[in-house]
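File shown here: work02.cif, holding mmCIF, C-alpha atoms.
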data_protein
#
loop_
_atom_site.group_PDB
_atom_site.id
_atom_site.type_symbol
_atom_site.label_atom_id
_atom_site.label_comp_id
_atom_site.auth_asym_id
_atom_site.auth_seq_id
_atom_site.Cartn_x
_atom_site.Cartn_y
_atom_site.Cartn_z
ATOM 1 C CA MET A 1 8.083 146.390 7.586
ATOM 2 C CA THR A 2 7.453 142.707 8.081
ATOM 3 C CA ASN A 3 5.405 140.246 6.031
ATOM 4 C CA MET A 4 7.147 141.137 2.762
ATOM 5 C CA VAL A 5 6.859 138.142 0.426
ATOM 6 C CA ALA A 6 8.315 139.501 -2.845
ATOM 7 C CA TRP A 7 10.536 142.450 -3.780
ATOM 8 C CA PHE A 8 11.832 143.418 -7.208
ATOM 9 C CA ARG A 9 14.132 146.440 -7.576
ATOM 10 C CA LYS A 10 15.451 148.267 -10.614
ATOM 11 C CA GLY A 11 19.017 147.402 -11.468
ATOM 12 C CA MET A 12 19.153 144.535 -8.977
ATOM 13 C CA GLY A 13 19.049 140.817 -9.694
ATOM 14 C CA GLN A 14 18.466 141.345 -13.399
ATOM 15 C CA THR A 15 19.854 138.836 -15.921
ATOM 16 C CA ASP A 16 20.517 140.222 -19.410
ATOM 17 C CA ALA A 17 19.699 137.641 -22.081
ATOM 18 C CA GLY A 18 21.421 139.694 -24.762
ATOM 19 C CA ALA A 19 20.809 143.220 -26.071
ATOM 20 C CA GLY A 20 19.161 144.264 -22.807
ATOM 21 C CA ALA A 21 16.446 141.619 -22.800
ATOM 22 C CA LEU A 22 15.467 140.531 -19.294
ATOM 23 C CA SER A 23 15.248 136.786 -18.653
ATOM 24 C CA VAL A 24 15.281 136.799 -14.845
ATOM 25 C CA TRP A 25 14.434 139.478 -12.286
ATOM 26 C CA ALA A 26 15.409 138.019 -8.955
ATOM 27 C CA ASP A 27 13.291 138.502 -5.866
ATOM 28 C CA GLN A 28 15.247 140.414 -3.212
ATOM 29 C CA THR A 29 13.493 139.064 -0.105
ATOM 30 C CA GLY A 30 15.718 136.007 0.070
ATOM 31 C CA LEU A 31 12.682 133.775 0.530
ATOM 32 C CA GLY A 32 13.530 131.844 -2.658
ATOM 33 C CA SER A 33 11.464 130.303 -5.464
ATOM 34 C CA ARG A 34 9.731 133.493 -6.552
ATOM 35 C CA ASP A 35 12.000 135.143 -9.125
ATOM 36 C CA TYR A 36 10.329 136.652 -12.139
ATOM 37 C CA ALA A 37 11.417 134.781 -15.282
ATOM 38 C CA GLN A 38 10.727 134.691 -19.012
ATOM 39 C CA ALA A 39 12.217 131.818 -21.030
ATOM 40 C CA THR A 40 10.761 132.919 -24.392
ATOM 41 C CA GLY A 41 13.078 135.412 -26.102
ATOM 42 C CA ALA A 42 10.341 137.318 -27.911
ATOM 43 C CA SER A 43 8.517 137.897 -24.602
ATOM 44 C CA GLN A 44 11.480 139.164 -22.602
ATOM 45 C CA PRO A 45 10.998 142.811 -21.595
ATOM 46 C CA ALA A 46 13.762 145.383 -22.050
ATOM 47 C CA ILE A 47 16.106 146.547 -19.309
ATOM 48 C CA GLN A 48 16.469 150.294 -19.596
ATOM 49 C CA GLY A 49 19.628 152.271 -18.893
ATOM 50 C CA ASP A 50 18.428 153.177 -15.394
ATOM 51 C CA GLY A 51 17.532 149.581 -14.531
ATOM 52 C CA THR A 52 13.790 150.002 -14.950
ATOM 53 C CA VAL A 53 11.988 147.395 -17.054
ATOM 54 C CA LEU A 54 9.963 148.238 -20.177
ATOM 55 C CA PHE A 55 7.104 145.944 -21.251
ATOM 56 C CA ASP A 56 6.234 146.611 -24.896
ATOM 57 C CA GLY A 57 2.503 145.857 -24.783
ATOM 58 C CA THR A 58 2.888 143.352 -27.629
ATOM 59 C CA SER A 59 4.428 140.213 -26.157
ATOM 60 C CA ASP A 60 6.429 140.996 -23.006
ATOM 61 C CA PHE A 61 5.681 139.618 -19.560
ATOM 62 C CA LEU A 62 7.321 138.051 -16.517
ATOM 63 C CA LYS A 63 6.029 135.347 -14.231
ATOM 64 C CA THR A 64 7.036 133.831 -10.916
ATOM 65 C CA PRO A 65 6.587 130.175 -10.102
ATOM 66 C CA ALA A 66 3.423 129.429 -8.169
ATOM 67 C CA PHE A 67 3.707 130.160 -4.465
ATOM 68 C CA THR A 68 1.253 130.612 -1.640
ATOM 69 C CA LEU A 69 -0.304 134.058 -1.836
ATOM 70 C CA VAL A 70 -3.846 134.348 -0.529
ATOM 71 C CA GLN A 71 -5.915 137.272 0.640
ATOM 72 C CA PRO A 72 -5.352 139.515 2.355
ATOM 73 C CA TYR A 73 -2.265 140.806 0.612
ATOM 74 C CA THR A 74 -0.967 144.159 -0.614
ATOM 75 C CA ARG A 75 0.797 144.687 -3.933
ATOM 76 C CA TYR A 76 2.802 147.840 -4.691
ATOM 77 C CA LEU A 77 4.241 148.959 -8.008
ATOM 78 C CA ARG A 78 6.377 151.935 -8.950
ATOM 79 C CA LEU A 79 5.425 152.261 -12.594
ATOM 80 C CA LYS A 80 4.609 154.327 -15.625
ATOM 81 C CA GLN A 81 1.778 153.658 -18.075
ATOM 82 C CA VAL A 82 3.717 154.174 -21.313
ATOM 83 C CA SER A 83 0.476 153.950 -23.251
ATOM 84 C CA TRP A 84 -3.102 153.041 -22.363
ATOM 85 C CA SER A 85 -5.460 150.551 -24.045
ATOM 86 C CA ASN A 86 -8.701 149.129 -22.708
ATOM 87 C CA VAL A 87 -8.377 145.809 -20.844
ATOM 88 C CA ARG A 88 -4.605 145.636 -20.985
ATOM 89 C CA TYR A 89 -3.033 144.051 -17.943
ATOM 90 C CA ILE A 90 -0.429 145.672 -15.748
ATOM 91 C CA ALA A 91 -0.222 142.632 -13.502
ATOM 92 C CA ASP A 92 -2.078 139.518 -12.428
ATOM 93 C CA GLY A 93 -1.784 136.555 -10.127
ATOM 94 C CA ASN A 94 -0.426 133.193 -11.217
ATOM 95 C CA GLY A 95 -3.565 132.256 -13.148
ATOM 96 C CA LEU A 96 -5.918 134.282 -15.299
ATOM 97 C CA ASP A 97 -7.744 136.966 -13.311
ATOM 98 C CA THR A 98 -6.586 135.678 -9.951
ATOM 99 C CA GLY A 99 -5.723 139.190 -8.796
ATOM 100 C CA ASN A 100 -5.303 141.465 -11.746
ATOM 101 C CA ILE A 101 -4.478 145.144 -12.101
ATOM 102 C CA HIS A 102 -5.543 146.394 -15.521
ATOM 103 C CA GLN A 103 -6.264 149.388 -17.686
ATOM 104 C CA GLY A 104 -9.995 149.769 -18.156
ATOM 105 C CA ILE A 105 -12.953 152.004 -19.021
ATOM 106 C CA SER A 106 -11.055 155.004 -20.429
ATOM 107 C CA SER A 107 -7.577 156.528 -20.282
ATOM 108 C CA PRO A 108 -5.834 156.648 -17.842
ATOM 109 C CA ILE A 109 -8.035 154.537 -15.555
ATOM 110 C CA ILE A 110 -6.638 151.564 -13.652
ATOM 111 C CA ARG A 111 -8.851 148.882 -12.106
ATOM 112 C CA ALA A 112 -8.323 145.743 -10.044
ATOM 113 C CA TYR A 113 -10.100 142.396 -10.047
ATOM 114 C CA ALA A 114 -9.967 139.310 -7.876
ATOM 115 C CA GLY A 115 -13.421 137.984 -8.723
ATOM 116 C CA THR A 116 -15.185 141.345 -8.790
ATOM 117 C CA SER A 117 -14.130 144.470 -10.696
ATOM 118 C CA SER A 118 -13.161 147.528 -8.729
ATOM 119 C CA ALA A 119 -14.210 151.015 -9.663
ATOM 120 C CA GLY A 120 -11.627 152.929 -11.658
ATOM 121 C CA ASN A 121 -8.765 155.029 -10.349
ATOM 122 C CA SER A 122 -7.671 157.809 -12.714
ATOM 123 C CA ASP A 123 -4.840 159.272 -10.635
ATOM 124 C CA LEU A 124 -1.916 157.946 -12.705
ATOM 125 C CA ALA A 125 -1.603 159.913 -15.925
ATOM 126 C CA VAL A 126 -0.188 158.151 -18.974
ATOM 127 C CA GLY A 127 3.523 158.912 -19.239
ATOM 128 C CA ALA A 128 3.939 159.831 -15.567
ATOM 129 C CA TRP A 129 5.678 157.761 -12.910
ATOM 130 C CA GLY A 130 3.567 156.898 -9.897
ATOM 131 C CA SER A 131 3.321 154.549 -6.951
ATOM 132 C CA LEU A 132 0.378 152.151 -7.023
ATOM 133 C CA ALA A 133 -0.962 150.215 -4.051
ATOM 134 C CA VAL A 134 -3.600 147.503 -4.259
ATOM 135 C CA VAL A 135 -4.907 145.828 -1.139
ATOM 136 C CA PHE A 136 -6.660 142.608 -2.114
ATOM 137 C CA ASN A 137 -8.854 142.004 0.905
ATOM 138 C CA GLY A 138 -12.355 140.945 -0.125
ATOM 139 C CA ALA A 139 -14.948 143.556 0.714
ATOM 140 C CA SER A 140 -12.290 145.811 2.230
ATOM 141 C CA SER A 141 -10.036 146.105 -0.815
ATOM 142 C CA VAL A 142 -8.212 149.296 -1.789
ATOM 143 C CA LEU A 143 -6.772 150.733 -5.020
ATOM 144 C CA GLN A 144 -4.644 153.828 -4.525
ATOM 145 C CA VAL A 145 -2.166 155.881 -6.532
ATOM 146 C CA GLY A 146 0.318 157.973 -4.575
ATOM 147 C CA GLY A 147 -1.366 160.072 -1.923
ATOM 148 C CA GLY A 148 -4.607 160.207 -3.852
ATOM 149 C CA THR A 149 -8.044 159.253 -2.653
ATOM 150 C CA PRO A 150 -8.244 155.448 -2.541
ATOM 151 C CA VAL A 151 -10.853 153.500 -4.486
ATOM 152 C CA THR A 152 -12.360 151.036 -2.033
ATOM 153 C CA GLY A 153 -14.819 148.182 -2.241
ATOM 154 C CA ASN A 154 -15.150 144.482 -2.877
ATOM 155 C CA PHE A 155 -12.621 143.317 -5.488
ATOM 156 C CA GLY A 156 -13.384 139.629 -4.871
ATOM 157 C CA ALA A 157 -11.734 137.023 -2.704
ATOM 158 C CA LEU A 158 -9.459 135.082 -5.067
ATOM 159 C CA GLY A 159 -5.934 134.297 -4.006
ATOM 160 C CA ALA A 160 -3.118 135.134 -6.429
ATOM 161 C CA GLY A 161 -1.010 131.999 -6.013
ATOM 162 C CA GLY A 162 1.960 133.766 -7.614
ATOM 163 C CA LEU A 163 2.726 136.881 -9.642
ATOM 164 C CA THR A 164 2.583 137.927 -13.289
ATOM 165 C CA LEU A 165 3.836 141.317 -14.482
ATOM 166 C CA GLY A 166 3.076 142.945 -17.846
ATOM 167 C CA ALA A 167 0.219 140.643 -18.901
ATOM 168 C CA SER A 168 -2.593 138.450 -17.649
ATOM 169 C CA GLY A 169 -1.755 135.287 -15.761
ATOM 170 C CA ILE A 170 -1.886 133.280 -18.976
ATOM 171 C CA GLY A 171 0.352 135.641 -20.908
ATOM 172 C CA ILE A 172 -2.071 137.580 -23.101
ATOM 173 C CA THR A 173 -3.528 141.109 -23.069
ATOM 174 C CA TYR A 174 -0.136 142.700 -22.606
ATOM 175 C CA GLY A 175 0.340 146.082 -20.965
ATOM 176 C CA ASN A 176 2.681 148.779 -22.254
ATOM 177 C CA ILE A 177 4.247 149.771 -18.940
ATOM 178 C CA GLN A 178 7.594 150.573 -17.373
ATOM 179 C CA VAL A 179 8.360 149.300 -13.870
ATOM 180 C CA ALA A 180 10.987 150.436 -11.397
ATOM 181 C CA GLU A 181 10.034 148.381 -8.371
ATOM 182 C CA GLU A 182 7.443 145.992 -6.976
ATOM 183 C CA ILE A 183 6.815 144.962 -3.378
ATOM 184 C CA VAL A 184 4.255 142.446 -2.115
ATOM 185 C CA TYR A 185 3.180 141.897 1.503
ATOM 186 C CA ASN A 186 0.976 139.025 2.636
ATOM 187 C CA VAL A 187 -1.119 141.281 4.853
ATOM 188 C CA ALA A 188 -3.612 144.089 4.255
ATOM 189 C CA HIS A 189 -1.889 147.419 4.755
ATOM 190 C CA ASN A 190 -3.792 150.202 6.472
ATOM 191 C CA ASP A 191 -3.657 153.880 5.483
ATOM 192 C CA ALA A 192 -0.501 154.619 7.455
ATOM 193 C CA GLU A 193 1.333 151.556 6.195
ATOM 194 C CA ARG A 194 0.430 152.332 2.592
ATOM 195 C CA ALA A 195 1.576 155.913 3.045
ATOM 196 C CA ALA A 196 4.937 154.715 4.334
ATOM 197 C CA VAL A 197 5.560 152.311 1.460
ATOM 198 C CA ILE A 198 4.328 154.807 -1.129
ATOM 199 C CA ALA A 199 6.661 157.456 0.319
ATOM 200 C CA TYR A 200 9.533 154.996 -0.097
ATOM 201 C CA LEU A 201 8.530 154.113 -3.666
ATOM 202 C CA ASN A 202 8.219 157.782 -4.589
ATOM 203 C CA THR A 203 11.984 158.054 -4.107
ATOM 204 C CA LYS A 204 12.603 155.394 -6.788
ATOM 205 C CA MET B 1 16.787 151.043 -25.413
ATOM 206 C CA THR B 2 13.242 150.728 -26.694
ATOM 207 C CA ARG B 3 12.506 147.943 -29.144
ATOM 208 C CA SER B 4 9.720 147.688 -31.619
ATOM 209 C CA ALA B 5 7.927 144.376 -31.955
ATOM 210 C CA ILE B 6 6.149 143.204 -35.055
ATOM 211 C CA LYS B 7 4.307 140.096 -36.179
ATOM 212 C CA LEU B 8 5.523 137.980 -39.052
ATOM 213 C CA TYR B 9 2.584 135.958 -40.421
ATOM 214 C CA TYR B 10 2.578 132.474 -41.976
ATOM 215 C CA PRO B 11 -0.303 130.383 -43.352
ATOM 216 C CA LEU B 12 0.725 127.266 -41.447
ATOM 217 C CA ARG B 13 1.759 126.764 -37.864
ATOM 218 C CA VAL B 14 4.648 124.557 -38.941
ATOM 219 C CA ASP B 15 6.071 127.385 -41.029
ATOM 220 C CA ALA B 16 5.796 129.824 -38.139
ATOM 221 C CA GLN B 17 7.460 127.300 -35.838
ATOM 222 C CA ALA B 18 10.294 126.831 -38.335
ATOM 223 C CA LYS B 19 10.837 130.575 -38.393
ATOM 224 C CA ALA B 20 10.854 130.773 -34.596
ATOM 225 C CA ASP B 21 13.378 127.940 -34.478
ATOM 226 C CA SER B 22 15.617 129.597 -37.060
ATOM 227 C CA ILE B 23 15.550 132.882 -35.126
ATOM 228 C CA HIS B 24 16.477 130.975 -31.952
ATOM 229 C CA ALA B 25 19.466 129.456 -33.754
ATOM 230 C CA TRP B 26 20.497 132.788 -35.258
ATOM 231 C CA MET B 27 20.290 134.523 -31.897
ATOM 232 C CA GLN B 28 22.522 131.907 -30.302
ATOM 233 C CA ALA B 29 25.083 132.282 -33.083
ATOM 234 C CA ASN B 30 25.079 136.069 -33.159
ATOM 235 C CA THR B 31 24.176 137.352 -29.697
ATOM 236 C CA PRO B 32 26.569 136.159 -26.966
ATOM 237 C CA GLY B 33 24.238 137.146 -24.148
ATOM 238 C CA TYR B 34 21.405 135.148 -25.711
ATOM 239 C CA ALA B 35 23.670 132.117 -26.210
ATOM 240 C CA ARG B 36 24.782 132.328 -22.590
ATOM 241 C CA SER B 37 21.158 132.584 -21.452
ATOM 242 C CA VAL B 38 20.308 129.452 -23.457
ATOM 243 C CA GLN B 39 23.264 127.592 -21.983
ATOM 244 C CA ASP B 40 22.097 128.620 -18.509
ATOM 245 C CA GLY B 41 18.619 127.331 -19.261
ATOM 246 C CA GLN B 42 17.034 130.754 -18.771
ATOM 247 C CA THR B 43 15.998 131.122 -22.408
ATOM 248 C CA VAL B 44 14.605 128.051 -24.160
ATOM 249 C CA ARG B 45 12.944 129.351 -27.343
ATOM 250 C CA TRP B 46 12.554 132.482 -29.383
ATOM 251 C CA ALA B 47 8.758 132.393 -29.635
ATOM 252 C CA VAL B 48 5.685 130.217 -29.543
ATOM 253 C CA PRO B 49 3.630 130.674 -32.743
ATOM 254 C CA ALA B 50 0.189 132.092 -32.052
ATOM 255 C CA GLN B 51 -2.950 133.339 -33.769
ATOM 256 C CA ASP B 52 -4.670 136.675 -33.291
ATOM 257 C CA LEU B 53 -7.411 136.651 -30.648
ATOM 258 C CA ASP B 54 -11.021 137.729 -30.801
ATOM 259 C CA ASP B 55 -12.774 139.994 -28.294
ATOM 260 C CA LYS B 56 -13.214 137.048 -25.934
ATOM 261 C CA GLY B 57 -9.527 136.240 -25.949
ATOM 262 C CA LEU B 58 -9.943 133.154 -28.133
ATOM 263 C CA ALA B 59 -7.788 132.356 -31.161
ATOM 264 C CA ILE B 60 -9.514 133.301 -34.398
ATOM 265 C CA VAL B 61 -10.203 130.032 -36.191
ATOM 266 C CA GLY B 62 -8.557 129.835 -39.594
ATOM 267 C CA SER B 63 -6.388 132.885 -39.072
ATOM 268 C CA GLN B 64 -2.718 132.894 -39.956
ATOM 269 C CA TRP B 65 -0.006 132.051 -37.474
ATOM 270 C CA PHE B 66 2.470 134.680 -36.389
ATOM 271 C CA VAL B 67 5.866 134.922 -34.781
ATOM 272 C CA ILE B 68 6.847 138.016 -32.817
ATOM 273 C CA VAL B 69 9.980 139.629 -34.202
ATOM 274 C CA LYS B 70 11.974 142.343 -32.475
ATOM 275 C CA ASP B 71 14.776 144.614 -33.571
ATOM 276 C CA ARG B 72 17.406 142.436 -31.943
ATOM 277 C CA CYS B 73 16.660 139.534 -34.290
ATOM 278 C CA ASP B 74 16.421 141.546 -37.493
ATOM 279 C CA GLY B 75 19.473 139.758 -38.854
ATOM 280 C CA ALA B 76 17.563 136.480 -38.809
ATOM 281 C CA LEU B 77 15.061 137.721 -41.381
ATOM 282 C CA SER B 78 15.410 137.331 -45.116
ATOM 283 C CA ALA B 79 14.803 140.279 -47.395
ATOM 284 C CA ALA B 80 11.487 138.729 -48.406
ATOM 285 C CA GLU B 81 10.426 138.293 -44.798
ATOM 286 C CA LYS B 82 11.268 141.883 -44.054
ATOM 287 C CA LEU B 83 8.911 142.866 -46.847
ATOM 288 C CA LEU B 84 6.218 140.691 -45.285
ATOM 289 C CA ARG B 85 6.371 142.494 -41.987
ATOM 290 C CA VAL B 86 3.076 143.619 -40.570
ATOM 291 C CA ALA B 87 3.515 146.606 -38.336
ATOM 292 C CA THR B 88 1.811 146.017 -35.010
ATOM 293 C CA ALA B 89 0.947 148.713 -32.531
ATOM 294 C CA PRO B 90 0.272 147.574 -28.952
ATOM 295 C CA SER B 91 -3.418 148.412 -29.310
ATOM 296 C CA ASP B 92 -3.695 145.882 -32.128
ATOM 297 C CA THR B 93 -2.407 142.924 -30.151
ATOM 298 C CA LYS B 94 -3.874 140.946 -27.310
#

What's the structure tokens form of this structure?
Amino acid sequence: MTNMVAWFRKGMGQTDAGAGALSVWADQTGLGSRDYAQATGASQPAIQGDGTVLFDGTSDFLKTPAFTLVQPYTRYLRLKQVSWSNVRYIADGNGLDTGNIHQGISSPIIRAYAGTSSAGNSDLAVGAWGSLAVVFNGASSVLQVGGGTPVTGNFGALGAGGLTLGASGIGITYGNIQVAEEIVYNVAHNDAERAAVIAYLNTK
Amino acid sequence: MTRSAIKLYYPLRVDAQAKADSIHAWMQANTPGYARSVQDGQTVRWAVPAQDLDDKGLAIVGSQWFVIVKDRCDGALSAAEKLLRVATAPSDTK
């Protein structure tokens, strides 16, 4: 599938900064200048034995340098909500609330925001692995877990300008999550395209 | 390979910064992977001292400063500091 602009895979491109702490998770697209990194030891998430990455919900997060990422775009995550707390961030854009995916309302609901809050999607139970797709596309945005019914609506029009994983774009409101893979496309994926990527992620 | 994280509190920011700096030095001396990461420029500090946040995400004025401590830097803590630990669950931290 074309238009992929970032790709992070478990067990690939991961730099261990000692005792399994992750300092760099290299983008696998080959486009350059968009590796996830964390230069603060206390905020480095933990590489697990299977190559997945655990964010502790206390201080861990990763961030790419700023790069051009405007709407429409589609962000996929293969993840587990290890625990759930209101307004904890799974991911965001480069800046605060520039394209966030967060826990909100009540467990296990996930919402998205790029200027306007989405309705909640409750299809990913806490403790279960699932494949999450978020299409940031103004009034035609989509939030979907696996093959479940998508939440649709206007999530706002903000561009992400980069990627943050495990916290907000300014490194607060940390999420307690575990991530196996992330893929980002700089186009809005339709139902069939989302189904194809989700089917791939479900094998991870 | 799960790690618990806790906050170690200090009245002054300078004291929290000194602790973060001492942990950074201890990690370099005792954890080869950490030392290598520092040499490569991928890790530059142990922690940035911070204050707890209010419901609006703003630092609580007058509150103590904390440094995040994880299991892998336990050896950098004195016995007294270990006693000062404040257990922190994820739901207590923004």

Exercise for the section: Compile the contact shell of B:Gln51 as a list in words: residues with an atom at most 7 Å away, counting only C-alpha atoms, same-chain residues fewer than 3 positions apart removed. Expected result: Ala59, Ile60, Ser63, Gln64, Trp65 and Phe66 of chain B

Problem - Test item: chain A residues at most 9 Å from chain B, counting only C-alpha atoms, as a count of residues only - result: 35

Exercise for the section: Report as a list in words the residues that result from applying the PyMOL selection byres ((chain A and resi 107) around 9) to the structure here. Expected result: Ser83, Trp84, Ser85, Asn86, Gln103, Gly104, Ile105, Ser106, Pro108, Ile109, Ile110, Ser122, Ala125 and Val126 of chain A

Handout entry: Explicit residues for the PyMOL selection byres ((chain A and resi 7-9) around 8) (as a PyMOL selection string)
Key = chain A and resi 4-6+10-13+25-29+180-184

Handout entry: Selection near stretch 117-121 of chain A, 10 Å with only C-alpha atoms, sequence-local residues under 3 positions removed, as a PyMOL selection string
Key = chain A and resi 100-106+108-114+124+141-145+148-156

Practice task
Counting all atoms listed in the file, figure out which residue out of A:Gly93, A:Leu69, A:Gly147, A:Arg75 gets nearest to A:Asn202.
Solution key: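 Checking each of A:Gly93, A:Leu69, A:Gly147, A:Arg75 against A:Asn202, counting all atoms listed in the file, the winner is A:Gly147.
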
Handout entry: Point-to-point distance in Å for atom CA of A:Leu22 and atom CA of A:Gly159
Key =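 Calculated distance between atom CA of A:Gly159 and atom CA of A:Leu22 is 27.0 Å.
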
Edge lengths and centre in Å, axis-aligned, stretch 178-197 of chain A plus 4 Å each side, as AutoDock Vina command-line options:
--center_x 3.6 --center_y 147.5 --center_z -5.0 --size_x 22.8 --size_y 24.9 --size_z 32.8

Exercise for the section: Select, from A:Thr52, A:Thr2, A:Gln44, A:Thr98, the residue with the minimum atom-to-atom distance to A:Ser168, counting all atoms listed in the file. Expected result: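 Under the stated criterion, the closest residue is A:Thr98.
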
Handout entry: Ground truth for the PyMOL selection byres ((chain B and resi 12) around 10), written as a list in words
Key =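 Those residues are Tyr9, Tyr10, Pro11, Arg13, Val14, Asp15, Ala16, Gln17, Pro49, Gly62, Ser63, Gln64, Trp65 and Phe66 of chain B.
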